[in-house]
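Containing mmCIF, C-alpha atoms and all ligand atoms: my_file-v3.cif.
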```
data_final
#
loop_
_atom_site.label_atom_id
_atom_site.label_comp_id
_atom_site.auth_asym_id
_atom_site.auth_seq_id
_atom_site.Cartn_x
_atom_site.Cartn_y
_atom_site.Cartn_z
CA MET I 1 0.00 0.00 0.00
CA LEU I 2 1.35 3.35 -1.03
CA LYS I 3 1.26 6.18 1.45
CA ILE I 4 1.52 8.92 -1.16
CA ASN I 5 -1.19 9.85 -3.64
CA ALA I 6 0.00 8.40 -6.95
CA GLU I 7 -2.77 9.92 -9.02
CA ARG I 8 -2.13 13.44 -7.77
CA LEU I 9 1.61 13.02 -8.31
CA ASN I 10 1.34 11.72 -11.86
CA GLY I 11 -1.32 14.33 -12.66
CA ARG I 12 1.12 17.08 -11.78
CA ILE I 13 3.90 15.44 -13.81
CA SER I 14 1.60 15.43 -16.87
CA GLU I 15 0.56 18.98 -16.29
CA LEU I 16 4.11 20.25 -15.96
CA ALA I 17 5.01 18.39 -19.18
CA LYS I 18 2.62 20.66 -21.08
CA ILE I 19 4.98 23.57 -20.54
CA GLY I 20 7.55 23.65 -23.33
CA LYS I 21 6.00 20.55 -24.84
CA ILE I 22 7.58 19.29 -28.07
CA GLY I 23 6.03 16.52 -30.11
CA GLU I 24 3.79 14.14 -28.20
CA THR I 25 6.06 13.30 -25.30
CA GLY I 26 9.02 15.68 -25.25
CA VAL I 27 9.77 18.94 -23.48
CA SER I 28 12.14 21.80 -24.14
CA ARG I 29 12.61 24.06 -21.13
CA LEU I 30 16.02 25.62 -21.49
CA ALA I 31 17.53 27.21 -18.41
CA HIS I 32 16.27 30.73 -17.62
CA SER I 33 14.00 30.66 -20.68
CA LYS I 34 10.38 31.76 -20.95
CA GLU I 35 9.28 28.11 -20.64
CA ASP I 36 11.50 27.61 -17.62
CA LYS I 37 9.91 30.62 -15.94
CA GLU I 38 6.42 29.38 -16.70
CA ALA I 39 7.26 25.99 -15.18
CA VAL I 40 8.80 27.61 -12.11
CA LEU I 41 5.67 29.72 -11.57
CA LYS I 42 3.47 26.66 -11.99
CA VAL I 43 5.36 24.67 -9.37
CA LYS I 44 5.58 27.72 -7.10
CA GLY I 45 1.79 27.83 -7.15
CA TRP I 46 1.63 24.17 -6.11
CA MET I 47 4.12 24.76 -3.32
CA GLU I 48 1.98 27.58 -1.98
CA GLU I 49 -1.14 25.46 -2.28
CA ILE I 50 0.31 22.91 0.12
CA GLY I 51 1.42 25.63 2.52
CA LEU I 52 5.10 26.07 1.75
CA THR I 53 6.64 29.53 1.75
CA ALA I 54 7.94 29.73 -1.80
CA ARG I 55 10.43 32.13 -3.37
CA ILE I 56 12.45 32.46 -6.57
CA ASP I 57 16.00 33.47 -5.72
CA ASP I 58 18.48 35.46 -7.79
CA PHE I 59 20.05 32.36 -9.33
CA GLY I 60 16.64 31.37 -10.71
CA ASN I 61 16.10 28.62 -8.12
CA LEU I 62 12.62 27.95 -6.81
CA ILE I 63 12.65 27.09 -3.11
CA GLY I 64 9.69 26.24 -0.90
CA ARG I 65 10.16 26.12 2.85
CA TRP I 66 8.25 24.29 5.54
CA ASP I 67 9.22 25.72 8.86
CA ALA I 68 7.31 23.56 11.26
CA ALA I 69 9.26 24.46 14.37
CA GLU I 70 9.64 28.09 13.38
CA THR I 71 13.08 28.66 14.79
CA ALA I 72 15.31 30.70 12.57
CA ASP I 73 18.54 28.84 13.31
CA GLN I 74 17.37 25.30 12.79
CA LYS I 75 18.92 22.80 10.43
CA ILE I 76 17.46 22.26 7.01
CA LEU I 77 16.65 19.00 5.29
CA MET I 78 16.69 19.80 1.59
CA VAL I 79 14.80 17.79 -0.99
CA GLY I 80 14.55 18.39 -4.70
CA SER I 81 15.99 18.32 -8.18
CA HIS I 82 15.40 20.48 -11.28
CA ILE I 83 12.71 21.29 -13.84
CA ASP I 84 14.82 22.76 -16.64
CA SER I 85 15.40 20.36 -19.52
CA GLN I 86 17.59 19.55 -22.48
CA PRO I 87 16.58 21.24 -25.77
CA TYR I 88 15.14 17.92 -26.92
CA GLY I 89 14.37 16.40 -23.57
CA GLY I 90 11.90 14.21 -21.74
CA ARG I 91 9.11 14.74 -19.20
CA PHE I 92 10.64 12.98 -16.21
CA ASP I 93 14.26 14.04 -15.92
CA GLY I 94 14.41 16.26 -12.82
CA ALA I 95 10.65 16.78 -12.72
CA ILE I 96 9.91 13.65 -10.70
CA GLY I 97 12.37 14.76 -8.02
CA VAL I 98 10.70 18.12 -7.57
CA LEU I 99 7.13 16.89 -7.87
CA GLY I 100 7.90 13.71 -5.91
CA GLY I 101 9.26 15.92 -3.13
CA LEU I 102 6.15 18.07 -3.31
CA GLU I 103 3.93 14.99 -3.06
CA ALA I 104 5.94 13.68 -0.11
CA LEU I 105 5.60 16.94 1.81
CA GLN I 106 1.90 17.20 1.02
CA THR I 107 1.39 13.65 2.32
CA MET I 108 3.28 14.51 5.51
CA LYS I 109 1.03 17.49 6.06
CA GLU I 110 -2.09 15.43 5.44
CA ASN I 111 -0.88 12.93 7.99
CA ASN I 112 -0.26 15.74 10.48
CA LEU I 113 3.40 14.95 10.76
CA THR I 114 5.52 17.73 12.18
CA PRO I 115 9.17 17.64 11.14
CA SER I 116 11.72 18.41 13.82
CA LEU I 117 13.79 20.46 11.38
CA ALA I 118 13.00 22.82 8.52
CA ILE I 119 12.37 21.14 5.18
CA GLU I 120 13.05 22.94 1.93
CA LEU I 121 11.96 21.74 -1.48
CA ALA I 122 14.13 23.02 -4.32
CA ALA I 123 13.78 23.17 -8.09
CA PHE I 124 17.35 24.16 -8.89
CA ALA I 125 18.06 26.39 -11.88
CA ASP I 126 20.00 25.13 -14.89
CA GLU I 127 20.95 21.68 -13.75
CA GLU I 128 21.33 20.53 -17.34
CA GLY I 129 24.09 22.87 -18.47
CA SER I 130 22.96 22.59 -22.06
CA ARG I 131 22.37 26.25 -22.81
CA PHE I 132 25.60 27.72 -21.41
CA ASN I 133 27.69 24.57 -21.46
CA LYS I 134 27.98 24.50 -17.69
CA GLY I 135 25.50 22.74 -15.44
CA LEU I 136 24.42 22.72 -11.79
CA PHE I 137 24.29 26.50 -11.88
CA GLY I 138 21.57 27.19 -9.33
CA VAL I 139 22.67 24.66 -6.75
CA ARG I 140 26.30 25.77 -6.96
CA GLY I 141 25.04 29.31 -6.67
CA ILE I 142 23.38 28.88 -3.29
CA LEU I 143 26.48 27.06 -2.03
CA GLY I 144 28.79 29.89 -3.10
CA ARG I 145 30.53 27.66 -5.63
CA LEU I 146 30.19 29.60 -8.88
CA GLU I 147 33.35 30.18 -10.87
CA ASP I 148 34.77 33.28 -12.52
CA GLY I 149 33.29 34.15 -15.88
CA GLU I 150 30.07 32.19 -15.53
CA LEU I 151 27.88 35.22 -16.12
CA GLU I 152 29.71 35.97 -19.37
CA ARG I 153 29.11 32.53 -20.87
CA LYS I 154 26.95 32.83 -23.97
CA ASP I 155 24.32 30.59 -25.47
CA LYS I 156 24.03 29.73 -29.19
CA ASN I 157 22.27 33.00 -29.90
CA GLY I 158 24.91 35.10 -28.19
CA VAL I 159 22.79 35.74 -25.09
CA SER I 160 24.95 35.78 -21.96
CA ARG I 161 24.00 34.03 -18.72
CA LYS I 162 23.73 37.45 -17.12
CA GLU I 163 21.30 38.70 -19.77
CA ALA I 164 19.25 35.52 -19.51
CA LEU I 165 19.04 35.85 -15.72
CA LEU I 166 17.96 39.48 -15.93
CA GLU I 167 15.31 38.51 -18.46
CA PHE I 168 14.16 35.77 -16.06
CA GLY I 169 13.70 38.40 -13.36
CA CYS I 170 16.84 37.68 -11.33
CA ASN I 171 19.37 40.21 -10.14
CA PRO I 172 22.93 38.87 -10.48
CA ASP I 173 24.21 41.73 -8.32
CA LYS I 174 22.35 40.17 -5.41
CA PHE I 175 23.74 36.64 -5.62
CA LYS I 176 25.26 36.95 -2.15
CA GLU I 177 21.82 37.37 -0.63
CA SER I 178 20.70 34.05 -2.11
CA GLU I 179 23.67 32.11 -0.76
CA TYR I 180 23.23 29.75 2.20
CA ASP I 181 25.12 29.34 5.39
CA THR I 182 25.95 25.80 4.34
CA SER I 183 26.50 24.59 7.89
CA ARG I 184 22.73 24.77 8.31
CA ILE I 185 22.00 22.27 5.55
CA SER I 186 21.97 18.87 7.21
CA SER I 187 21.13 16.59 4.27
CA PHE I 188 19.90 16.50 0.72
CA LEU I 189 17.58 13.94 -0.84
CA GLU I 190 16.94 13.56 -4.55
CA LEU I 191 14.61 11.29 -6.47
CA HIS I 192 15.53 10.95 -10.15
CA ILE I 193 15.02 8.70 -13.13
CA GLU I 194 17.94 6.33 -13.65
CA GLN I 195 18.63 7.43 -17.25
CA GLY I 196 20.32 4.09 -17.76
CA PRO I 197 19.35 0.44 -18.29
CA VAL I 198 20.42 -1.19 -14.99
CA LEU I 199 17.11 -1.26 -13.10
CA GLU I 200 15.16 -2.42 -16.14
CA ASP I 201 17.74 -5.12 -16.67
CA LYS I 202 17.31 -6.30 -13.07
CA GLY I 203 13.52 -6.05 -13.24
CA GLU I 204 13.27 -3.60 -10.32
CA ALA I 205 11.26 -0.38 -10.21
CA VAL I 206 13.45 1.46 -7.75
CA GLY I 207 17.15 1.59 -6.90
CA ILE I 208 19.30 3.12 -4.17
CA VAL I 209 22.18 5.21 -5.47
CA THR I 210 25.59 4.64 -3.90
CA GLY I 211 27.40 7.57 -5.52
CA ILE I 212 27.86 9.73 -8.60
CA SER I 213 30.63 9.33 -11.15
CA GLY I 214 32.70 12.42 -11.65
CA PRO I 215 32.27 14.13 -15.01
CA LEU I 216 35.15 15.79 -16.81
CA TRP I 217 34.00 18.28 -19.45
CA LEU I 218 36.49 19.69 -21.92
CA THR I 219 36.19 21.89 -24.98
CA VAL I 220 38.86 21.18 -27.58
CA GLU I 221 39.75 23.59 -30.36
CA LEU I 222 41.86 22.43 -33.32
CA THR I 223 43.17 25.03 -35.74
CA GLY I 224 44.59 24.44 -39.23
CA LEU I 225 44.43 26.49 -42.38
CA ALA I 226 41.48 27.18 -44.67
CA GLY I 227 41.93 26.79 -48.41
CA HIS I 228 40.01 26.05 -51.58
CA ALA I 229 38.74 22.48 -51.61
CA GLY I 230 39.47 22.28 -55.34
CA SER I 231 43.01 23.57 -55.47
CA VAL I 232 45.07 22.76 -52.36
CA PRO I 233 46.88 19.42 -52.91
CA MET I 234 46.25 16.80 -50.25
CA PRO I 235 49.81 16.66 -48.82
CA MET I 236 49.73 20.42 -48.21
CA ARG I 237 46.49 20.52 -46.26
CA GLN I 238 46.05 21.49 -42.62
CA ASP I 239 42.54 20.17 -42.26
CA ALA I 240 41.23 20.68 -38.72
CA LEU I 241 38.22 18.43 -39.22
CA VAL I 242 40.33 15.46 -40.33
CA GLY I 243 42.35 15.95 -37.14
CA ALA I 244 39.23 16.19 -35.00
CA ALA I 245 37.79 13.04 -36.56
CA LYS I 246 40.91 11.07 -35.63
CA VAL I 247 40.82 12.34 -32.04
CA ILE I 248 37.13 11.55 -31.66
CA ILE I 249 37.63 7.97 -32.87
CA LYS I 250 40.60 7.59 -30.54
CA LEU I 251 38.60 8.76 -27.51
CA ASN I 252 35.95 6.19 -28.32
CA GLU I 253 38.60 3.47 -28.45
CA LEU I 254 40.29 4.59 -25.23
CA VAL I 255 37.17 4.38 -23.08
CA LYS I 256 36.41 0.90 -24.40
CA GLU I 257 39.84 -0.46 -23.59
CA ILE I 258 38.94 -1.88 -20.18
CA PRO I 259 36.21 -4.48 -20.63
CA GLY I 260 33.32 -4.21 -18.20
CA ALA I 261 34.41 -0.84 -16.78
CA PRO I 262 31.71 1.83 -16.48
CA THR I 263 33.98 4.37 -18.20
CA VAL I 264 32.16 6.45 -20.82
CA GLY I 265 33.36 9.14 -23.21
CA THR I 266 31.34 11.23 -25.63
CA VAL I 267 31.81 13.99 -28.16
CA GLY I 268 28.34 15.50 -28.46
CA ASN I 269 28.97 18.86 -30.06
CA LEU I 270 31.10 19.86 -33.02
CA GLU I 271 31.47 23.22 -34.68
CA VAL I 272 33.26 23.62 -37.99
CA PHE I 273 34.61 26.89 -39.31
CA PRO I 274 34.04 28.25 -41.89
CA ASP I 275 31.51 25.43 -42.36
CA SER I 276 31.36 25.40 -46.15
CA ARG I 277 31.43 22.48 -48.56
CA ASN I 278 34.24 23.83 -50.72
CA ILE I 279 36.55 25.22 -48.06
CA ILE I 280 39.03 23.10 -46.10
CA PRO I 281 37.97 23.35 -42.43
CA GLU I 282 40.23 25.79 -40.62
CA LYS I 283 38.94 25.45 -37.10
CA VAL I 284 37.00 22.74 -35.31
CA THR I 285 35.70 23.00 -31.78
CA PHE I 286 34.28 19.97 -30.03
CA THR I 287 33.20 19.01 -26.54
CA VAL I 288 34.41 16.01 -24.54
CA ASP I 289 32.39 14.40 -21.77
CA LEU I 290 34.39 11.78 -19.88
CA ARG I 291 33.12 9.92 -16.79
CA ASP I 292 34.22 7.18 -14.49
CA ILE I 293 33.68 6.13 -10.89
CA ASP I 294 37.44 5.56 -10.75
CA GLU I 295 39.15 8.93 -10.93
CA LYS I 296 42.59 7.49 -11.59
CA ARG I 297 41.36 5.57 -14.61
CA ARG I 298 39.70 8.73 -15.89
CA ASP I 299 42.99 10.65 -15.47
CA GLU I 300 44.80 8.02 -17.51
CA ILE I 301 42.34 8.36 -20.37
CA GLU I 302 42.60 12.11 -20.21
CA ASN I 303 46.40 11.87 -20.50
CA ALA I 304 46.09 9.51 -23.45
CA LEU I 305 43.73 11.98 -25.10
CA HIS I 306 46.35 14.71 -24.71
CA ARG I 307 48.99 12.48 -26.32
CA GLU I 308 46.64 11.77 -29.21
CA LEU I 309 46.01 15.49 -29.70
CA ASP I 310 49.78 16.10 -29.82
CA GLU I 311 50.28 13.39 -32.37
CA VAL I 312 47.37 14.30 -34.61
CA SER I 313 48.31 17.97 -34.52
CA ASN I 314 51.88 17.17 -35.57
CA GLU I 315 50.75 14.93 -38.39
CA ASN I 316 48.26 17.42 -39.77
CA GLY I 317 49.94 20.74 -39.15
CA LEU I 318 47.41 21.81 -36.54
CA THR I 319 47.54 23.58 -33.22
CA TYR I 320 45.17 22.82 -30.38
CA ASN I 321 43.86 24.28 -27.21
CA ILE I 322 41.85 22.65 -24.42
CA ARG I 323 39.47 24.45 -22.12
CA GLU I 324 38.41 22.70 -18.96
CA ASP I 325 34.71 23.36 -18.29
CA THR I 326 34.06 21.02 -15.39
CA ARG I 327 36.13 18.59 -13.36
CA ASN I 328 34.52 16.60 -10.56
CA GLU I 329 35.64 13.59 -8.61
CA PRO I 330 33.21 10.77 -7.77
CA ARG I 331 31.05 11.52 -4.74
CA PHE I 332 29.59 8.80 -2.55
CA CYS I 333 26.20 8.76 -0.82
CA SER I 334 25.75 8.76 2.94
CA GLU I 335 25.70 5.26 4.42
CA LYS I 336 23.32 6.46 7.09
CA ILE I 337 20.76 7.64 4.54
CA MET I 338 21.22 4.49 2.47
CA ASP I 339 20.50 2.46 5.60
CA ILE I 340 17.22 4.29 6.11
CA MET I 341 16.32 3.66 2.47
CA ARG I 342 17.25 -0.02 2.77
CA ALA I 343 15.06 -0.45 5.85
CA GLU I 344 12.12 1.46 4.35
CA SER I 345 12.36 -0.50 1.08
CA LYS I 346 12.08 -3.67 3.07
CA GLU I 347 8.87 -2.41 4.65
CA MET I 348 7.59 -1.79 1.12
CA ASN I 349 8.60 -5.28 0.01
CA LEU I 350 11.05 -3.88 -2.50
CA GLN I 351 14.51 -5.22 -3.23
CA PRO I 352 16.19 -2.14 -4.64
CA PRO I 353 19.49 -2.74 -6.40
CA GLU I 354 22.31 -0.42 -5.34
CA LEU I 355 24.03 1.38 -8.19
CA MET I 356 26.33 4.23 -9.12
CA SER I 357 25.05 7.11 -11.18
CA GLY I 358 26.90 7.88 -14.40
CA PRO I 359 25.02 11.13 -15.00
CA PHE I 360 25.59 13.88 -12.47
CA HIS I 361 22.73 15.54 -10.60
CA ASP I 362 22.12 18.47 -8.25
CA SER I 363 23.17 16.04 -5.51
CA LEU I 364 26.72 16.18 -6.81
CA ALA I 365 27.04 19.84 -5.80
CA MET I 366 25.21 19.26 -2.50
CA SER I 367 27.61 16.42 -1.64
CA TYR I 368 30.31 18.99 -0.88
CA VAL I 369 28.35 20.54 1.99
CA CYS I 370 26.16 17.78 3.46
CA ASP I 371 25.16 14.14 3.51
CA TYR I 372 23.13 13.14 0.51
CA GLY I 373 20.99 10.26 -0.64
CA MET I 374 19.43 9.45 -3.99
CA ILE I 375 16.67 7.17 -5.21
CA PHE I 376 16.48 6.05 -8.82
CA VAL I 377 13.35 5.11 -10.74
CA ARG I 378 13.55 2.64 -13.62
CA SER I 379 13.90 4.20 -17.08
CA LYS I 380 12.47 2.44 -20.10
CA ALA I 381 15.36 1.15 -22.24
CA GLY I 382 17.64 3.52 -20.33
CA ILE I 383 16.62 6.35 -22.65
CA SER I 384 16.92 9.94 -21.42
CA HIS I 385 17.65 13.43 -22.72
CA ASN I 386 15.21 12.42 -25.41
CA PRO I 387 11.43 12.79 -25.85
CA LYS I 388 11.25 8.98 -25.76
CA GLU I 389 12.32 9.03 -22.10
CA TYR I 390 9.77 7.06 -20.07
CA SER I 391 9.18 5.87 -16.54
CA SER I 392 5.83 4.34 -15.64
CA PRO I 393 3.44 6.11 -13.25
CA GLU I 394 3.59 3.02 -11.00
CA ASP I 395 7.38 3.08 -10.77
CA ILE I 396 7.42 6.82 -10.12
CA ALA I 397 4.86 6.35 -7.35
CA LEU I 398 6.99 3.64 -5.72
CA GLY I 399 10.09 5.82 -5.87
CA THR I 400 8.16 8.73 -4.40
CA ASP I 401 6.78 6.54 -1.63
CA LEU I 402 10.31 5.54 -0.69
CA LEU I 403 11.30 9.21 -0.78
CA TYR I 404 8.35 10.04 1.48
CA ARG I 405 9.29 7.34 3.99
CA THR I 406 12.91 8.47 3.96
CA ILE I 407 11.96 12.09 4.60
CA VAL I 408 9.63 11.12 7.42
CA LYS I 409 12.38 9.09 9.10
CA MET I 410 14.95 11.81 8.67
CA ALA I 411 12.62 14.57 9.80
CA ALA I 412 11.70 12.58 12.90
CA GLU I 413 15.32 12.12 13.82
CA SER I 414 16.74 14.84 15.82
CA THR I 415 17.32 18.34 14.71
CA ASN I 416 20.93 18.83 15.36
CA GLU I 417 22.72 15.82 14.22
CA ASN I 418 24.90 16.80 11.36
CA SER I 419 27.60 14.22 11.46
CA ARG I 420 28.70 14.13 7.90
CA ALA I 421 30.85 11.12 7.31
CA ASP I 422 33.43 12.88 5.25
CA GLY I 423 35.25 9.73 4.38
CA ARG I 424 34.27 8.11 1.17
CA VAL I 425 32.22 5.07 1.75
CA SER I 426 33.07 2.79 -1.02
CA HIS I 427 30.44 0.51 -2.41
CA GLU I 428 30.67 -1.84 -5.35
ZN ZN D 1 18.19 15.50 -14.28
#
```

As structure tokens, how would this structure be written, given the file I've shared?
Amino acid sequence: MLKINAERLNGRISELAKIGKIGETGVSRLAHSKEDKEAVLKVKGWMEEIGLTARIDDFGNLIGRWDAAETADQKILMVGSHIDSQPYGGRFDGAIGVLGGLEALQTMKENNLTPSLAIELAAFADEEGSRFNKGLFGVRGILGRLEDGELERKDKNGVSRKEALLEFGCNPDKFKESEYDTSRISSFLELHIEQGPVLEDKGEAVGIVTGISGPLWLTVELTGLAGHAGSVPMPMRQDALVGAAKVIIKLNELVKEIPGAPTVGTVGNLEVFPDSRNIIPEKVTFTVDLRDIDEKRRDEIENALHRELDEVSNENGLTYNIREDTRNEPRFCSEKIMDIMRAESKEMNLQPPELMSGPFHDSLAMSYVCDYGMIFVRSKAGISHNPKEYSSPEDIALGTDLLYRTIVKMAAESTNENSRADGRVSHE
């Protein structure tokens, strides 16, 4: 028997999916966009309906607070995820974490449960990182972890992050006021779709996450020399695209070298200049996304990629330049929270597999300031960042029920325990 209201939960998920809808099942809600704002206002309304005090901060985060004990200095249990999406994204990525959290809090209120600490539900801004090529913006913002130059990053249309935020209604000059005293955040809980095939493969609706692989994001620029495609003899060419092609193939080979390892590497974006059929490509810029739960193994692949770039550049008369966009190490979940989830799953007659997350989530940023725990919901065929992304209403309800039970347990535990086990608990 579920404790949460599955129909209400899935109704809200469908309703949110109407905002920025593309095709029959997709959504496009780019960070800080008009659609993003509409979605934020929609969820803000729901937060207020269930009695949370909701606000949109200057990073574009939506945060609803339930201050049951009404003491200003109390610890905060944070719950949430994001509602921005990829340009060609699905309905469930991020959304189930925010709306699942909302459903959990509403159920607590209906059951007259009074948490012993403040609970905040967050829909963090720009988790995806698609628009400005840098994700986890809102959550890093409140933790004071933004980097230099982030406001100057531009999207495809030349709009800077700063301009987009102003358009959204935020004031980047007031970021400081939206930052948290991080010592007050005791834990973070996130429900998310798996975005991979493991749970489906094991025939389980719900999984307990043990940690998040660290992503390394690079932007590589190769420069050669443009020339007429009809006149420059082949041995004299400095073709940047031929060089890029070799490097991309090599990366693909490198990550496949260790059989069975969860290492993954992807080039998902390529820009060719001057981008014309009869001109030899002079400059190619491409992105690299490299992930592993083993940081040392990831470093080795990164070094091999550098060697390949040296070699290919020499061979083809190119120069190259690498920009590092993001570098994170793997972050492990709190054993204490996993224990609560294990016990509650048992009560629900579930046998949740325990798995690492390849994709990163808002939890990754939170892991630097507090304990965190994550619940995964089975994804159909592991598809995500795609309108075909699907998780069944039944599975989402089960994941949300486990989230609800976990929050109830954690909110009943005492207010002031904030014993973050800083050591990495290694699982798997
Ligand atoms: Zn997500």

Counting all atoms listed in the file, which residue out of I:Gly373, I:Gly51, I:Pro172, I:Gly89 sits closest to ligand ZN 1 (chain D)?
I:Gly89

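Taking all atoms listed in the file into account, the residues near (-1.2, 11.8, -15.9), no farther than 12 Å, are Ala6, Glu7, Arg8, Leu9, Asn10, Gly11, Arg12, Ile13, Ser14, Glu15, Leu16, Ala17, Lys18, Thr25, Arg91, Phe92, Ser391, Ser392, Pro393, Glu394, Ile396 and Ala397 of chain I.
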
Close residues, Val264 (chain I) itself excluded, 9 Å, only C-alpha atoms, min 2 positions apart in chain, as a list in words
Asn252, Val255, Lys256, Ala261, Pro262, Thr266, Asp289, Leu290, Arg291, Asp292 and Gly358 of chain I

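Among the candidates I:Gly214, I:Gly268, I:Gly399, I:Gly382, the one nearest to Glu329 (chain I) when counting all atoms listed in the file is I:Gly214.
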
Using all atoms listed in the file, the shortest atom-to-atom distance to Asn269 (chain I) among I:Ile56, I:Val220, I:Ile76, I:Val242 belongs to I:Val220

Some atoms are absent from region 264-280 of chain I, so rebuild N, CA and C atoms and return them as an mmCIF file, in the coordinates of the input.
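Listed below is the output, out-v1.cif:
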```
data_model
loop_
_atom_site.group_PDB
_atom_site.id
_atom_site.type_symbol
_atom_site.label_atom_id
_atom_site.label_comp_id
_atom_site.auth_asym_id
_atom_site.auth_seq_id
_atom_site.Cartn_x
_atom_site.Cartn_y
_atom_site.Cartn_z
ATOM 1 N N VAL I 264 32.847 6.005 -19.600
ATOM 2 C CA VAL I 264 32.160 6.450 -20.820
ATOM 3 C C VAL I 264 32.760 7.765 -21.299
ATOM 4 N N GLY I 265 32.830 7.910 -22.619
ATOM 5 C CA GLY I 265 33.360 9.140 -23.210
ATOM 6 C C GLY I 265 32.552 9.509 -24.427
ATOM 7 N N THR I 266 32.232 10.794 -24.556
ATOM 8 C CA THR I 266 31.340 11.230 -25.630
ATOM 9 C C THR I 266 31.757 12.580 -26.192
ATOM 10 N N VAL I 267 31.712 12.686 -27.519
ATOM 11 C CA VAL I 267 31.810 13.990 -28.160
ATOM 12 C C VAL I 267 30.413 14.288 -28.699
ATOM 13 N N GLY I 268 29.756 15.267 -28.114
ATOM 14 C CA GLY I 268 28.340 15.500 -28.460
ATOM 15 C C GLY I 268 28.112 16.779 -29.237
ATOM 16 N N ASN I 269 29.148 17.592 -29.362
ATOM 17 C CA ASN I 269 28.970 18.860 -30.060
ATOM 18 C C ASN I 269 30.216 19.168 -30.875
ATOM 19 N N LEU I 270 29.991 19.583 -32.103
ATOM 20 C CA LEU I 270 31.100 19.860 -33.020
ATOM 21 C C LEU I 270 30.763 21.102 -33.823
ATOM 22 N N GLU I 271 31.698 22.032 -33.860
ATOM 23 C CA GLU I 271 31.470 23.220 -34.680
ATOM 24 C C GLU I 271 32.618 23.365 -35.672
ATOM 25 N N VAL I 272 32.265 23.540 -36.926
ATOM 26 C CA VAL I 272 33.260 23.620 -37.990
ATOM 27 C C VAL I 272 33.272 25.027 -38.553
ATOM 28 N N PHE I 273 34.473 25.564 -38.717
ATOM 29 C CA PHE I 273 34.610 26.890 -39.310
ATOM 30 C C PHE I 273 35.508 26.792 -40.532
ATOM 31 N N PRO I 274 35.207 27.387 -41.659
ATOM 32 C CA PRO I 274 34.040 28.250 -41.890
ATOM 33 C C PRO I 274 32.761 27.499 -42.255
ATOM 34 N N ASP I 275 32.755 26.183 -42.183
ATOM 35 C CA ASP I 275 31.510 25.430 -42.360
ATOM 36 C C ASP I 275 30.958 25.567 -43.784
ATOM 37 N N SER I 276 31.787 25.258 -44.754
ATOM 38 C CA SER I 276 31.360 25.400 -46.150
ATOM 39 C C SER I 276 31.866 24.201 -46.944
ATOM 40 N N ARG I 277 31.078 23.716 -47.889
ATOM 41 C CA ARG I 277 31.430 22.480 -48.560
ATOM 42 C C ARG I 277 32.696 22.570 -49.406
ATOM 43 N N ASN I 278 33.046 23.764 -49.882
ATOM 44 C CA ASN I 278 34.240 23.830 -50.720
ATOM 45 C C ASN I 278 35.400 24.594 -50.067
ATOM 46 N N ILE I 279 35.398 24.640 -48.770
ATOM 47 C CA ILE I 279 36.550 25.220 -48.060
ATOM 48 C C ILE I 279 37.096 24.184 -47.071
ATOM 49 N N ILE I 280 38.398 24.014 -47.064
ATOM 50 C CA ILE I 280 39.030 23.100 -46.100
ATOM 51 C C ILE I 280 38.804 23.674 -44.691
#
```
